[in-house]
Amino acid sequence: MKPTTLLSKLAIVFLFFLGTTAFSQNLVPAENLTPALLKQTFENAYIKVLETQNEFIKVQDTYDVFIDVDPSKRYVCFSSSYSLVAGTSQKDALELMNQLNTEIILVKSYYIEKNNSINYIAYFWTERGFNPQSMISAFKMYVSALTLSLQKDSKKLIK
């Protein structure tokens, strides 16, 4: 066998192992899920962490988002709340909720009449372990859904 052929084969094997190592996923067991781990995960993704509590963290990436840890560690919940403009009728608010829940499948939105606000919620399942990169991707999709909801709000009810 020629030395160059041997080197070529060794290079291919090396690149294969390098590639599989570089793209391997770090599965985090659900029992390790804590607000401190969430804080580190989001800071590693260069997302600003505004607050850390025992059950949640609050981050900012275009919008402020609360990330709550399920007590059973089966999921984390992304949530946000925004006021509607003063004088928004219940009918208009519910029509907007219906439109958003029909057209944006990534989040659930609901209306809180007593606060005249809209709340958004989405879940990221962690029950059998999770990948931090996937969590960040799910978070980015959540933020995209919030942006899309503002675009769909043709009456400009959301503040």
# chains A, B, ... in the order shown; residues from 1 in each chain; ligands from 1
call {"tool": "closest_atom_pairs", "arguments": {"of": "region 123-158 of chain A", "to": "region 100-110 of chain A", "cutoff": "8 Å", "atoms": "only C-alpha atoms", "output": "JSON lines"}}
result
{"residue": "A:Met141", "atom": "CA", "partner": "A:Leu106", "partner_atom": "CA", "distance": 7.3}
{"residue": "A:Tyr142", "atom": "CA", "partner": "A:Leu106", "partner_atom": "CA", "distance": 6.7}
{"residue": "A:Ala145", "atom": "CA", "partner": "A:Leu106", "partner_atom": "CA", "distance": 6.4}
{"residue": "A:Leu148", "atom": "CA", "partner": "A:Ile104", "partner_atom": "CA", "distance": 7.7}
{"residue": "A:Ser149", "atom": "CA", "partner": "A:Leu100", "partner_atom": "CA", "distance": 6.4}
{"residue": "A:Lys152", "atom": "CA", "partner": "A:Leu100", "partner_atom": "CA", "distance": 7.4}
call {"tool": "write_last_selection", "arguments": {"atoms": "C-alpha atoms", "output": "compact mmCIF listing (two decimals), in the first residue's frame"}}
result
# COMPACT_ATOMS: atom_id res chain seq x y z
CA MET A 141 -39.15 29.29 17.69
CA TYR A 142 -41.22 30.61 20.61
CA ALA A 145 -44.11 32.88 17.19
CA LEU A 148 -45.60 36.41 14.09
CA SER A 149 -48.49 37.11 16.48
CA LYS A 152 -51.13 38.93 12.62
call {"tool": "closest_residue", "arguments": {"among": "A:Ala122, A:Ala36, A:Asp64, A:Lys159", "to": "Thr88 (chain A)", "atoms": "only C-alpha atoms"}}
result
A:Lys159
call {"tool": "select_by_dssp", "arguments": {"residues": "region 112-155 of chain A", "states": "helix (DSSP H, G or I)", "output": "PyMOL selection string"}}
result
chain A and resi 113-115+132-152
call {"tool": "atom_distance", "arguments": {"atom1": "CA of Ser79 (chain A)", "atom2": "CA of Asn131 (chain A)"}}
result
20.0 Å
call {"tool": "atom_distance", "arguments": {"atom1": "CA of Ser80 (chain A)", "atom2": "CA of Glu43 (chain A)"}}
result
19.2 Å
call {"tool": "select_by_dssp", "arguments": {"residues": "chain A", "states": "strand (DSSP E)", "output": "JSON, numbers by chain"}}
result
{"A": [48, 49, 50, 51, 52, 56, 57, 58, 59, 60, 61, 63, 64, 65, 66, 67, 68, 69, 75, 76, 77, 78, 79, 80, 81, 82, 83, 108, 109, 110, 111, 112, 117, 118, 119, 120, 121, 122, 123, 124, 125]}
call {"tool": "residues_around", "arguments": {"residues": "Asn54 (chain A)", "least_positions_apart": "3", "cutoff": "10 Å", "atoms": "only C-alpha atoms", "output": "PDB file with N, CA, C and O atoms, in the first residue's frame"}}
result
ATOM      1  N   THR A  34     -32.578  22.360  36.481  1.00  0.00           N
ATOM      2  CA  THR A  34     -32.749  23.359  37.538  1.00  0.00           C
ATOM      3  C   THR A  34     -32.719  24.743  36.907  1.00  0.00           C
ATOM      4  O   THR A  34     -32.213  24.907  35.785  1.00  0.00           O
ATOM      5  N   PRO A  35     -33.224  25.751  37.606  1.00  0.00           N
ATOM      6  CA  PRO A  35     -33.082  27.110  37.096  1.00  0.00           C
ATOM      7  C   PRO A  35     -31.612  27.504  36.875  1.00  0.00           C
ATOM      8  O   PRO A  35     -31.301  28.226  35.935  1.00  0.00           O
ATOM      9  N   ALA A  36     -30.719  27.002  37.721  1.00  0.00           N
ATOM     10  CA  ALA A  36     -29.291  27.313  37.535  1.00  0.00           C
ATOM     11  C   ALA A  36     -28.782  26.740  36.211  1.00  0.00           C
ATOM     12  O   ALA A  36     -28.015  27.404  35.497  1.00  0.00           O
ATOM     13  N   ILE A  57     -36.629  31.102  35.447  1.00  0.00           N
ATOM     14  CA  ILE A  57     -35.727  32.186  35.092  1.00  0.00           C
ATOM     15  C   ILE A  57     -36.498  33.114  34.152  1.00  0.00           C
ATOM     16  O   ILE A  57     -37.503  32.711  33.551  1.00  0.00           O
ATOM     17  N   ASP A  68     -40.291  28.443  33.120  1.00  0.00           N
ATOM     18  CA  ASP A  68     -40.629  27.755  34.364  1.00  0.00           C
ATOM     19  C   ASP A  68     -40.245  26.288  34.275  1.00  0.00           C
ATOM     20  O   ASP A  68     -40.444  25.648  33.240  1.00  0.00           O
ATOM     21  N   VAL A  69     -39.743  25.752  35.376  1.00  0.00           N
ATOM     22  CA  VAL A  69     -39.404  24.332  35.464  1.00  0.00           C
ATOM     23  C   VAL A  69     -40.583  23.598  36.097  1.00  0.00           C
ATOM     24  O   VAL A  69     -41.028  23.959  37.192  1.00  0.00           O
TER      25      VAL A  69
END
call {"tool": "atom_distance", "arguments": {"atom1": "CA of Phe42 (chain A)", "atom2": "CA of Asn119 (chain A)"}}
result
22.0 Å
call {"tool": "residues_around", "arguments": {"residues": "Glu51 (chain A)", "least_positions_apart": "5", "cutoff": "10 Å", "atoms": "only C-alpha atoms", "output": "PyMOL selection string"}}
result
chain A and resi 35+39+56-60+66
call {"tool": "write_last_selection", "arguments": {"atoms": "N, CA, C and O atoms", "output": "PDB file, in the first residue's frame"}}
result
ATOM      1  N   PRO A  35     -33.224  25.751  37.606  1.00  0.00           N
ATOM      2  CA  PRO A  35     -33.082  27.110  37.096  1.00  0.00           C
ATOM      3  C   PRO A  35     -31.612  27.504  36.875  1.00  0.00           C
ATOM      4  O   PRO A  35     -31.301  28.226  35.935  1.00  0.00           O
ATOM      5  N   LYS A  39     -30.188  28.871  33.455  1.00  0.00           N
ATOM      6  CA  LYS A  39     -29.428  30.129  33.400  1.00  0.00           C
ATOM      7  C   LYS A  39     -28.137  29.932  32.616  1.00  0.00           C
ATOM      8  O   LYS A  39     -27.813  30.701  31.716  1.00  0.00           O
ATOM      9  N   PHE A  56     -38.045  29.296  38.304  1.00  0.00           N
ATOM     10  CA  PHE A  56     -38.025  29.844  36.943  1.00  0.00           C
ATOM     11  C   PHE A  56     -36.825  30.756  36.735  1.00  0.00           C
ATOM     12  O   PHE A  56     -36.140  31.141  37.685  1.00  0.00           O
ATOM     13  N   ILE A  57     -36.629  31.102  35.447  1.00  0.00           N
ATOM     14  CA  ILE A  57     -35.727  32.186  35.092  1.00  0.00           C
ATOM     15  C   ILE A  57     -36.498  33.114  34.152  1.00  0.00           C
ATOM     16  O   ILE A  57     -37.503  32.711  33.551  1.00  0.00           O
ATOM     17  N   LYS A  58     -36.024  34.328  34.040  1.00  0.00           N
ATOM     18  CA  LYS A  58     -36.592  35.293  33.104  1.00  0.00           C
ATOM     19  C   LYS A  58     -35.468  35.718  32.185  1.00  0.00           C
ATOM     20  O   LYS A  58     -34.393  36.100  32.647  1.00  0.00           O
ATOM     21  N   VAL A  59     -35.715  35.608  30.873  1.00  0.00           N
ATOM     22  CA  VAL A  59     -34.691  35.945  29.885  1.00  0.00           C
ATOM     23  C   VAL A  59     -35.222  37.017  28.945  1.00  0.00           C
ATOM     24  O   VAL A  59     -36.428  37.265  28.882  1.00  0.00           O
ATOM     25  N   GLN A  60     -34.302  37.609  28.205  1.00  0.00           N
ATOM     26  CA  GLN A  60     -34.686  38.616  27.225  1.00  0.00           C
ATOM     27  C   GLN A  60     -33.935  38.346  25.928  1.00  0.00           C
ATOM     28  O   GLN A  60     -32.706  38.309  25.901  1.00  0.00           O
ATOM     29  N   PHE A  66     -40.527  34.210  30.489  1.00  0.00           N
ATOM     30  CA  PHE A  66     -40.338  33.413  31.694  1.00  0.00           C
ATOM     31  C   PHE A  66     -40.171  31.960  31.277  1.00  0.00           C
ATOM     32  O   PHE A  66     -40.888  31.477  30.391  1.00  0.00           O
TER      33      PHE A  66
END
call {"tool": "residues_around", "arguments": {"residues": "region 135-139 of chain A", "least_positions_apart": "3", "cutoff": "10 Å", "atoms": "only C-alpha atoms", "output": "list in words"}}
result
Leu38, Thr41, Phe42, Asn44, Ala45, Ile47, Asp61, Val65, Ile67, Val76, Cys77, Phe78, Leu106, Ala122, Tyr123, Phe124, Trp125, Thr126, Phe130, Asn131, Pro132, Tyr142, Val143, Ser144 and Ala145 of chain A
call {"tool": "closest_residue", "arguments": {"among": "A:Gln53, A:Ser117, A:Gln133, A:Asn26", "to": "Met97 (chain A)", "atoms": "only C-alpha atoms"}}
result
A:Ser117
